[in-house]
$ cat target02.cif   # mmCIF, C-alpha atoms
data_final
loop_
_atom_site.label_atom_id
_atom_site.label_comp_id
_atom_site.auth_asym_id
_atom_site.auth_seq_id
_atom_site.Cartn_x
_atom_site.Cartn_y
_atom_site.Cartn_z
CA MET A 916 80.70 27.35 -127.31
CA THR A 917 81.28 29.12 -123.96
CA ILE A 918 80.46 32.81 -123.91
CA GLN A 919 83.45 34.99 -122.98
CA LEU A 920 82.91 38.04 -120.77
CA SER A 921 85.42 40.70 -119.88
CA VAL A 922 85.96 41.41 -116.19
CA ARG A 923 84.55 44.90 -116.75
CA ASP A 924 81.34 43.59 -118.30
CA ALA A 925 80.98 40.92 -115.61
CA ARG A 926 81.21 43.58 -112.90
CA ARG A 927 78.61 45.73 -114.61
CA MET A 928 76.28 42.78 -115.09
CA ARG A 929 76.61 41.95 -111.40
CA TRP A 930 75.63 45.56 -110.61
CA GLN A 931 72.53 45.13 -112.77
CA SER A 932 71.66 41.76 -111.26
CA GLN A 933 71.94 43.25 -107.77
CA LEU A 934 69.54 46.10 -108.75
CA LEU A 935 72.00 48.68 -107.43
CA GLY A 936 70.49 51.28 -109.73
CA GLY A 937 67.02 50.60 -108.33
CA SER A 938 64.15 48.83 -110.07
CA ASP A 939 60.42 48.98 -110.69
CA LEU A 940 59.76 46.41 -107.95
CA GLY A 941 58.29 46.73 -104.49
CA PRO A 942 60.36 45.53 -101.50
CA ALA A 943 58.63 42.13 -101.24
CA ASP A 944 59.18 41.50 -104.95
CA VAL A 945 62.86 42.43 -104.61
CA VAL A 946 63.27 39.79 -101.90
CA ASN A 947 61.18 37.19 -103.72
CA ARG A 948 63.38 37.65 -106.80
CA ALA A 949 66.57 37.23 -104.76
CA VAL A 950 65.25 34.42 -102.48
CA ALA A 951 66.84 36.02 -99.40
CA LEU A 952 69.07 38.95 -98.51
CA GLN A 953 71.44 39.40 -95.60
CA GLY A 954 69.55 40.61 -92.53
CA GLN A 955 71.92 40.62 -89.54
CA ASN A 956 71.65 44.38 -89.13
CA LEU A 957 68.00 45.40 -89.19
CA PRO A 958 68.37 49.10 -90.20
CA ALA A 959 70.85 48.03 -92.90
CA VAL A 960 68.58 45.47 -94.53
CA LEU A 961 65.69 47.95 -94.58
CA ARG A 962 67.85 50.39 -96.54
CA ALA A 963 69.31 47.64 -98.73
CA LEU A 964 65.81 46.72 -99.84
CA ALA A 965 64.69 50.32 -100.25
CA LEU A 966 67.52 51.23 -102.61
CA ARG A 967 66.86 48.14 -104.76
CA SER A 968 63.16 48.95 -105.05
CA ARG A 969 61.22 51.42 -107.15
CA PRO A 970 62.14 55.12 -106.87
CA GLY A 971 60.86 56.79 -103.73
CA THR A 972 60.76 53.60 -101.65
CA SER A 973 61.63 54.27 -98.02
CA ALA A 974 62.57 52.17 -95.02
CA ALA A 975 58.99 52.71 -93.83
CA ASP A 976 57.74 51.00 -97.00
CA VAL A 977 59.99 48.01 -96.27
CA ARG A 978 58.71 47.85 -92.69
CA ALA A 979 55.18 47.82 -94.11
CA ALA A 980 56.06 44.70 -96.14
CA PHE A 981 57.14 42.98 -92.92
CA ASN A 982 54.01 44.20 -91.14
CA SER A 983 51.81 42.71 -93.86
CA GLY A 984 53.51 39.31 -93.59
CA ALA A 985 54.91 39.48 -97.13
CA LEU A 986 58.43 39.52 -95.66
CA VAL A 987 59.92 37.68 -92.69
CA ARG A 988 63.32 37.51 -91.04
CA SER A 989 64.90 34.33 -89.78
CA TRP A 990 67.97 32.04 -89.80
CA PRO A 991 67.50 29.89 -92.93
CA MET A 992 71.21 29.38 -93.68
CA ARG A 993 74.56 29.32 -91.88
CA GLY A 994 73.03 30.43 -88.58
CA THR A 995 72.74 33.89 -90.15
CA LEU A 996 69.73 36.19 -90.22
CA PHE A 997 68.18 36.83 -93.63
CA ALA A 998 65.19 38.75 -94.91
CA THR A 999 63.09 36.44 -97.07
CA THR A 1000 59.51 35.48 -97.88
CA PRO A 1001 57.47 32.88 -95.99
CA GLU A 1002 57.53 30.59 -99.02
CA HIS A 1003 61.28 30.83 -99.56
CA LEU A 1004 61.88 30.39 -95.85
CA GLY A 1005 59.94 27.12 -95.96
CA THR A 1006 62.01 25.84 -98.89
CA LEU A 1007 65.35 26.86 -97.41
CA LEU A 1008 64.64 25.30 -94.03
CA TRP A 1009 63.44 22.12 -95.72
CA PHE A 1010 67.00 21.66 -97.01
CA THR A 1011 69.07 23.35 -94.29
CA ALA A 1012 67.36 22.90 -90.89
CA GLU A 1013 68.69 19.45 -90.09
CA ARG A 1014 72.21 20.49 -91.13
CA ILE A 1015 72.11 23.62 -88.97
CA HIS A 1016 70.83 21.68 -85.98
CA ARG A 1017 73.62 19.12 -86.36
CA ALA A 1018 76.23 21.84 -86.75
CA THR A 1019 75.07 23.61 -83.59
CA MET A 1020 74.65 20.50 -81.43
CA ARG A 1021 77.93 20.97 -79.57
CA ARG A 1022 77.10 24.60 -78.85
CA ARG A 1023 73.76 23.56 -77.33
CA GLU A 1024 75.60 21.09 -75.10
CA GLU A 1025 78.06 23.79 -74.02
CA LEU A 1026 75.14 26.06 -73.11
CA GLY A 1027 73.36 23.34 -71.13
CA LEU A 1028 70.45 23.17 -73.58
CA ASP A 1029 69.47 19.51 -73.49
CA ASP A 1030 66.42 18.20 -75.32
CA HIS A 1031 64.21 18.56 -72.25
CA THR A 1032 65.18 22.22 -71.77
CA VAL A 1033 64.73 23.03 -75.43
CA GLY A 1034 61.32 21.33 -75.41
CA ARG A 1035 60.20 23.32 -72.35
CA ALA A 1036 61.38 26.58 -73.91
CA ARG A 1037 59.52 25.76 -77.12
CA ASP A 1038 56.27 24.90 -75.35
CA LEU A 1039 56.38 28.01 -73.18
CA LEU A 1040 57.06 30.25 -76.16
CA LEU A 1041 54.39 28.78 -78.41
CA GLU A 1042 51.80 29.03 -75.66
CA ALA A 1043 52.67 32.70 -75.09
CA LEU A 1044 52.62 33.45 -78.82
CA GLY A 1045 49.09 32.08 -78.92
CA THR A 1046 48.10 35.33 -77.22
CA ARG A 1047 50.17 37.84 -79.20
CA PRO A 1048 53.56 38.35 -80.88
CA LEU A 1049 56.39 39.10 -78.44
CA ARG A 1050 59.40 41.35 -78.25
CA ARG A 1051 62.79 39.72 -77.78
CA ALA A 1052 63.03 41.02 -74.20
CA GLU A 1053 59.62 39.53 -73.41
CA VAL A 1054 60.65 36.13 -74.75
CA LEU A 1055 63.83 36.09 -72.69
CA ALA A 1056 61.95 37.22 -69.56
CA LEU A 1057 59.42 34.43 -70.13
CA TRP A 1058 62.16 31.80 -70.15
CA ASP A 1059 64.06 33.34 -67.24
CA ALA A 1060 60.90 33.34 -65.12
CA ALA A 1061 60.43 29.64 -65.88
CA GLY A 1062 63.93 28.82 -64.68
CA ILE A 1063 65.57 28.64 -68.11
CA PRO A 1064 68.54 31.05 -67.91
CA THR A 1065 69.08 33.10 -71.07
CA ALA A 1066 72.06 35.35 -70.31
CA GLY A 1067 75.40 34.69 -71.95
CA GLY A 1068 74.20 32.84 -75.04
CA PRO A 1069 71.38 30.38 -74.22
CA GLY A 1070 68.63 32.89 -75.00
CA TYR A 1071 69.98 33.73 -78.45
CA HIS A 1072 70.62 30.08 -79.26
CA LEU A 1073 67.11 29.06 -78.25
CA LEU A 1074 65.66 31.72 -80.55
CA LEU A 1075 67.84 30.51 -83.42
CA HIS A 1076 67.11 26.84 -82.74
CA LEU A 1077 63.34 27.29 -82.64
CA ALA A 1078 63.36 29.50 -85.74
CA VAL A 1079 65.45 26.95 -87.65
CA GLY A 1080 62.96 24.32 -86.50
CA GLY A 1081 60.26 26.28 -88.33
CA HIS A 1082 58.32 27.31 -85.22
CA VAL A 1083 58.86 31.08 -85.18
CA HIS A 1084 60.29 34.01 -87.13
CA TRP A 1085 60.70 37.76 -86.80
CA GLY A 1086 57.73 39.42 -88.46
CA ALA A 1087 55.83 42.66 -87.92
CA PHE A 1088 57.41 45.65 -86.19
CA ASP A 1089 56.52 46.75 -82.70
CA PRO A 1090 54.39 49.89 -83.15
CA ASP A 1091 56.25 51.64 -80.30
CA ARG A 1092 59.85 50.47 -80.84
CA PRO A 1093 62.19 50.01 -83.81
CA GLU A 1094 62.26 46.23 -83.45
CA GLN A 1095 60.52 43.22 -84.90
CA LEU A 1096 58.20 40.94 -83.00
CA LEU A 1097 58.57 37.18 -82.76
CA THR A 1098 55.60 35.34 -84.18
CA PHE A 1099 54.44 31.90 -85.36
CA SER A 1100 55.91 30.65 -88.62
CA PRO A 1101 53.39 29.43 -91.17
CA VAL A 1102 53.95 25.94 -92.53
CA TYR A 1103 55.31 26.28 -96.07
CA ALA A 1104 56.79 22.86 -96.81
CA PRO A 1105 57.42 22.74 -100.57
CA ALA A 1106 55.07 20.45 -102.48
CA ASP A 1107 57.94 19.55 -104.84
CA PRO A 1108 61.23 20.05 -102.96
CA GLU A 1109 63.47 19.46 -105.98
CA ALA A 1110 61.58 22.00 -108.10
CA ALA A 1111 61.62 24.45 -105.19
CA LEU A 1112 65.39 24.08 -104.83
CA ALA A 1113 65.85 24.68 -108.55
CA GLU A 1114 63.81 27.87 -108.14
CA THR A 1115 66.06 28.85 -105.24
CA VAL A 1116 69.18 28.33 -107.34
CA ARG A 1117 67.70 30.34 -110.18
CA GLY A 1118 66.82 33.21 -107.85
CA PHE A 1119 70.29 33.24 -106.34
CA VAL A 1120 71.91 33.44 -109.76
CA LEU A 1121 69.38 35.92 -111.18
CA ALA A 1122 69.90 38.42 -108.35
CA ARG A 1123 73.70 38.10 -108.11
CA GLY A 1124 75.10 36.84 -111.41
CA PRO A 1125 77.65 36.29 -112.67
CA VAL A 1126 78.32 33.84 -109.82
CA THR A 1127 80.34 30.69 -109.45
CA GLU A 1128 79.20 27.31 -108.25
CA GLY A 1129 81.40 27.97 -105.23
CA ASP A 1130 79.48 31.14 -104.43
CA LEU A 1131 76.21 29.21 -104.39
CA ALA A 1132 77.69 26.44 -102.22
CA TRP A 1133 79.07 29.04 -99.77
CA TRP A 1134 75.75 30.89 -99.61
CA THR A 1135 73.56 27.83 -98.98
CA LYS A 1136 76.11 25.51 -97.31
CA LEU A 1137 74.48 22.65 -99.21
CA PRO A 1138 76.49 19.85 -100.90
CA ARG A 1139 77.65 20.70 -104.40
CA THR A 1140 76.18 17.49 -105.78
CA VAL A 1141 72.74 18.60 -104.58
CA LEU A 1142 73.22 22.09 -105.99
CA ARG A 1143 74.49 20.84 -109.36
CA ARG A 1144 71.40 18.66 -109.73
CA ALA A 1145 69.18 21.65 -108.96
CA ALA A 1146 71.14 23.89 -111.34
CA ALA A 1147 70.75 21.33 -114.14
CA ALA A 1148 66.97 21.77 -113.83
CA VAL A 1149 67.19 25.55 -114.41
CA GLU A 1150 66.45 25.82 -118.12
CA ASP A 1151 67.79 29.34 -118.67
CA LEU A 1152 71.00 28.93 -116.66
CA THR A 1153 73.93 30.06 -118.82
CA THR A 1154 77.62 29.37 -118.29
CA VAL A 1155 80.02 32.19 -119.14
CA GLU A 1156 83.78 32.50 -118.79
CA VAL A 1157 85.39 35.43 -117.00
CA GLY A 1158 89.17 35.55 -116.70
CA GLY A 1159 89.42 31.84 -117.38
CA ALA A 1160 86.87 30.85 -114.69
CA ALA A 1161 83.34 29.53 -115.19
CA TYR A 1162 80.43 31.64 -113.95
CA TRP A 1163 76.66 31.24 -114.06
CA MET A 1164 74.07 33.73 -115.25
CA ILE A 1165 70.38 33.58 -116.11
CA GLY A 1166 69.74 34.05 -119.81
CA GLU A 1167 72.11 35.32 -122.45
CA PRO A 1168 74.32 38.24 -121.40
CA GLY A 1169 72.93 41.56 -122.57
CA PRO A 1170 74.44 45.05 -122.75
CA ALA A 1171 76.46 45.78 -119.63
CA ARG A 1172 75.37 49.11 -118.19
CA THR A 1173 75.69 50.76 -114.81
CA ARG A 1174 74.26 53.93 -113.36
CA GLY A 1175 77.09 55.75 -111.60
CA ALA A 1176 77.78 55.37 -107.91
CA VAL A 1177 75.84 53.97 -104.99
CA LEU A 1178 76.32 53.87 -101.22
CA LEU A 1179 75.39 50.50 -99.73
CA PRO A 1180 74.65 49.75 -96.08
CA GLY A 1181 76.76 47.42 -94.00
CA PHE A 1182 76.33 43.64 -94.36
CA ASP A 1183 75.04 44.12 -97.90
CA GLU A 1184 74.50 41.25 -100.32
CA TRP A 1185 76.94 42.97 -102.72
CA ILE A 1186 79.71 41.65 -100.46
CA LEU A 1187 78.03 38.88 -98.47
CA GLY A 1188 76.28 37.23 -101.41
CA TYR A 1189 79.53 35.63 -102.59
CA GLY A 1190 82.15 33.32 -101.22
CA ASP A 1191 84.72 34.93 -103.54
CA ARG A 1192 84.51 38.74 -103.70
CA SER A 1193 87.61 39.24 -105.86
CA LEU A 1194 85.67 40.07 -109.04
CA THR A 1195 84.50 43.37 -107.59
CA THR A 1196 86.55 43.95 -104.43
CA SER A 1197 90.35 44.06 -104.13
CA PRO A 1198 92.14 42.53 -101.12
CA ALA A 1199 92.95 46.01 -99.78
CA MET A 1200 89.35 47.06 -100.23
CA PHE A 1201 88.04 43.96 -98.48
CA GLN A 1202 90.37 44.61 -95.57
CA ALA A 1203 88.82 48.09 -95.26
CA VAL A 1204 85.30 46.61 -95.39
CA VAL A 1205 86.07 44.04 -92.66
CA PRO A 1206 88.98 45.50 -90.71
CA GLY A 1207 90.80 42.76 -88.81
CA ARG A 1208 88.32 40.20 -90.21
CA ASN A 1209 86.20 40.93 -87.12
CA GLY A 1210 82.89 39.90 -88.70
CA ILE A 1211 81.60 43.48 -88.92
CA PHE A 1212 81.01 44.43 -92.56
CA ARG A 1213 81.17 48.19 -93.04
CA PRO A 1214 79.00 50.20 -95.47
CA THR A 1215 80.55 50.39 -98.93
CA VAL A 1216 80.81 52.71 -101.92
CA VAL A 1217 80.43 51.07 -105.33
CA VAL A 1218 81.22 52.68 -108.70
CA ASP A 1219 80.78 50.97 -112.06
CA GLY A 1220 80.61 47.57 -110.41
CA ILE A 1221 83.76 48.06 -108.33
CA THR A 1222 83.87 48.52 -104.56
CA VAL A 1223 86.01 51.64 -104.12
CA GLY A 1224 85.54 52.75 -100.51
CA THR A 1225 83.61 52.74 -97.28
CA TRP A 1226 81.45 55.35 -95.62
CA ARG A 1227 80.11 56.27 -92.20
CA LEU A 1228 77.76 58.76 -90.65
CA PRO A 1229 79.52 61.39 -88.53
CA ARG A 1230 78.91 61.26 -84.81
CA THR A 1231 76.66 64.13 -83.80
CA SER A 1232 74.07 64.90 -81.17
CA SER A 1233 72.04 66.92 -83.66
CA ARG A 1234 68.78 65.52 -84.98
CA ALA A 1235 69.35 67.23 -88.30
CA ALA A 1236 70.14 65.14 -91.37
CA VAL A 1237 73.86 64.51 -91.82
CA GLU A 1238 75.76 63.55 -94.95
CA PRO A 1239 77.87 60.38 -94.96
CA VAL A 1240 81.64 60.68 -94.70
CA VAL A 1241 83.22 58.74 -97.58
CA GLU A 1242 86.63 57.10 -97.21
CA LEU A 1243 88.00 56.00 -100.58
CA VAL A 1244 90.43 53.10 -100.83
CA GLU A 1245 90.68 52.80 -104.61
CA GLN A 1246 91.66 55.61 -106.96
CA VAL A 1247 88.69 56.95 -108.94
CA PRO A 1248 88.48 59.64 -111.64
CA ALA A 1249 86.92 63.04 -111.08
CA ALA A 1250 83.63 62.06 -112.71
CA ALA A 1251 83.28 59.13 -110.33
CA ARG A 1252 84.04 61.38 -107.38
CA ARG A 1253 81.22 63.67 -108.43
CA ALA A 1254 78.87 60.68 -108.72
CA ILE A 1255 79.89 59.54 -105.24
CA ALA A 1256 79.20 63.00 -103.85
CA GLN A 1257 75.73 62.94 -105.39
CA ALA A 1258 75.05 59.50 -103.95
CA ALA A 1259 76.18 60.66 -100.52
CA ALA A 1260 73.89 63.68 -100.69
CA ALA A 1261 70.96 61.40 -101.53
CA TRP A 1262 71.48 59.08 -98.54
CA PRO A 1263 69.65 57.75 -96.56
CA HIS A 1264 66.66 55.81 -97.76
CA GLY A 1265 64.82 56.85 -94.62
#
$ encode --input "target02.cif" --output "structure tokens"
Amino acid sequence: MTIQLSVRDARRMRWQSQLLGGSDLGPADVVNRAVALQGQNLPAVLRALALRSRPGTSAADVRAAFNSGALVRSWPMRGTLFATTPEHLGTLLWFTAERIHRATMRRREELGLDDHTVGRARDLLLEALGTRPLRRAEVLALWDAAGIPTAGGPGYHLLLHLAVGGHVHWGAFDPDRPEQLLTFSPVYAPADPEAALAETVRGFVLARGPVTEGDLAWWTKLPRTVLRRAAAAVEDLTTVEVGGAAYWMIGEPGPARTRGAVLLPGFDEWILGYGDRSLTTSPAMFQAVVPGRNGIFRPTVVVDGITVGTWRLPRTSSRAAVEPVVELVEQVPAAARRAIAQAAAAWPHG
């Protein structure tokens, strides 16, 4: 018998799965549980991890996890940056690297990056990294000095290509600048790839459920036949029905509770962890999050598992702390407005 869930309970369970009320975990454990979290915007992902971690966790604590090597940042899926762990990165690239390289082949040709040029860039970079980790500007200067032009796209694509190839990743932070350093990637090829992929599927569902099979396929860009086989090996995967559609969760659904309101940074997994955001985000709300579908995902306000607005920091030259400006799209009751105001006063996770 399929378990039936109301839309309201499904939204609240997704809030809980996403740890939007915080947790008792450290930043590295939050990421390990979720496999990977969106990492295009570096300040945003630091705050996304801080708010999902134990109370009092700051962005500095998340940076410390990167500095220790417990967390890394790379392009394991869709040519998109994610924060993940070295072990999960190894598993993801095992299944996605060849696909990404095939998908980006034409772009390499357009940029004049033939195999010889890519090989030279790789050898130069790995030799330099044998001395110390490098800043992005140092890597690009290294290639430019060797006659490999980087401006206008080739530099970025070379970084992506070599990271997808498992050679490098973004790791520890520069002690003098708010940026990560490029470093060698450890070799973490999974001993049992099928078991590792099943673990990946379980982590995706655990940290985002209820989710659909389509959400998982969109997130990984792997064939559904491969994903179904992996899902079948997850013993505690549960199918539930929400509004007539099938969703996956881990374990039996428990009490659906939320903890008021939360302000999320831009590019957050609450929006970008799903191919279909309609369970929690209306079309009008999604248009406000990504105005003009320009690829820039604005910070969001979430109440009771529903995305209700966006927020921004006011422009000011003052160094004093400023409170976010909230712009509501959905109608919310007075109690929710008070919860939003409290969440705004508590931002940021600095």
$ closest_residue --input "target02.cif" --among "A:Val1240, A:Asp1183, A:Ile1015, A:Asp1219" --to "Thr1195 in chain A" --atoms "all atoms listed in the file"
A:Asp1219
$ closest_residue --input "target02.cif" --among "A:Thr1135, A:Thr917, A:Asn947, A:Gln1246" --to "Trp990 in chain A" --atoms "all atoms listed in the file"
A:Thr1135
$ residues_near_point --input "target02.cif" --point "(79.6, 44.1, -113.9)" --cutoff "10 Å" --atoms "all atoms listed in the file" --output "list in words"
Leu920, Ser921, Val922, Arg923, Asp924, Ala925, Arg926, Arg927, Met928, Arg929, Trp930, Gln931, Ser932, Gln933, Gly1124, Pro1125, Ala1171, Arg1172, Thr1173, Leu1194, Thr1195, Asp1219, Gly1220 and Ile1221 of chain A
$ residues_around --input "target02.cif" --residues "Glu1150 in chain A" --least-positions-apart "5" --cutoff "10 Å" --atoms "only C-alpha atoms" --output "number ranges by chain"
A: 1113, 1117, 1165-1166
$ write_last_selection --input "target02.cif" --atoms "C-alpha atoms" --output "PDB file, in the frame of the given file"
ATOM      1  CA  ALA A1113      65.850  24.680-108.550  1.00  0.00           C
ATOM      2  CA  ARG A1117      67.700  30.340-110.180  1.00  0.00           C
ATOM      3  CA  ILE A1165      70.380  33.580-116.110  1.00  0.00           C
ATOM      4  CA  GLY A1166      69.740  34.050-119.810  1.00  0.00           C
TER       5      GLY A1166
END
$ closest_residue --input "target02.cif" --among "A:Leu1008, A:Leu1041, A:Leu1178, A:Ala1160" --to "Val1102 in chain A" --atoms "only C-alpha atoms"
A:Leu1008
$ residues_around --input "target02.cif" --residues "Met992 in chain A" --least-positions-apart "6" --cutoff "10 Å" --atoms "all atoms listed in the file" --output "PyMOL selection string"
chain A and resi 951+1004+1007-1008+1010-1012+1014-1015+1079+1133-1137
$ closest_residue --input "target02.cif" --among "A:Ala1256, A:Leu1097, A:Ile918, A:Ala1261" --to "Trp1163 in chain A" --atoms "only C-alpha atoms"
A:Ile918
$ closest_residue --input "target02.cif" --among "A:Leu1028, A:Leu1075, A:Leu952, A:Val1223" --to "Val1247 in chain A" --atoms "all atoms listed in the file"
A:Val1223
$ atom_distance --input "target02.cif" --atom1 "CA of Leu1073 in chain A" --atom2 "CA of Arg1037 in chain A"
8.4 Å
$ residues_around --input "target02.cif" --residues "Arg988 in chain A" --least-positions-apart "2" --cutoff "6 Å" --atoms "all atoms listed in the file" --output "list in words"
Phe997, Ala998 and Trp1085 of chain A
$ atom_distance --input "target02.cif" --atom1 "CA of Ala1258 in chain A" --atom2 "CA of Ala1176 in chain A"
6.3 Å
$ atom_distance --input "target02.cif" --atom1 "CA of Ala1122 in chain A" --atom2 "CA of Ala965 in chain A"
15.3 Å
$ residues_near_point --input "target02.cif" --point "(71.3, 45.2, -90.7)" --cutoff "10 Å" --atoms "all atoms listed in the file" --output "VMD selection string"
chain A and resid 953 to 963 996 to 998 1180 to 1183 1212
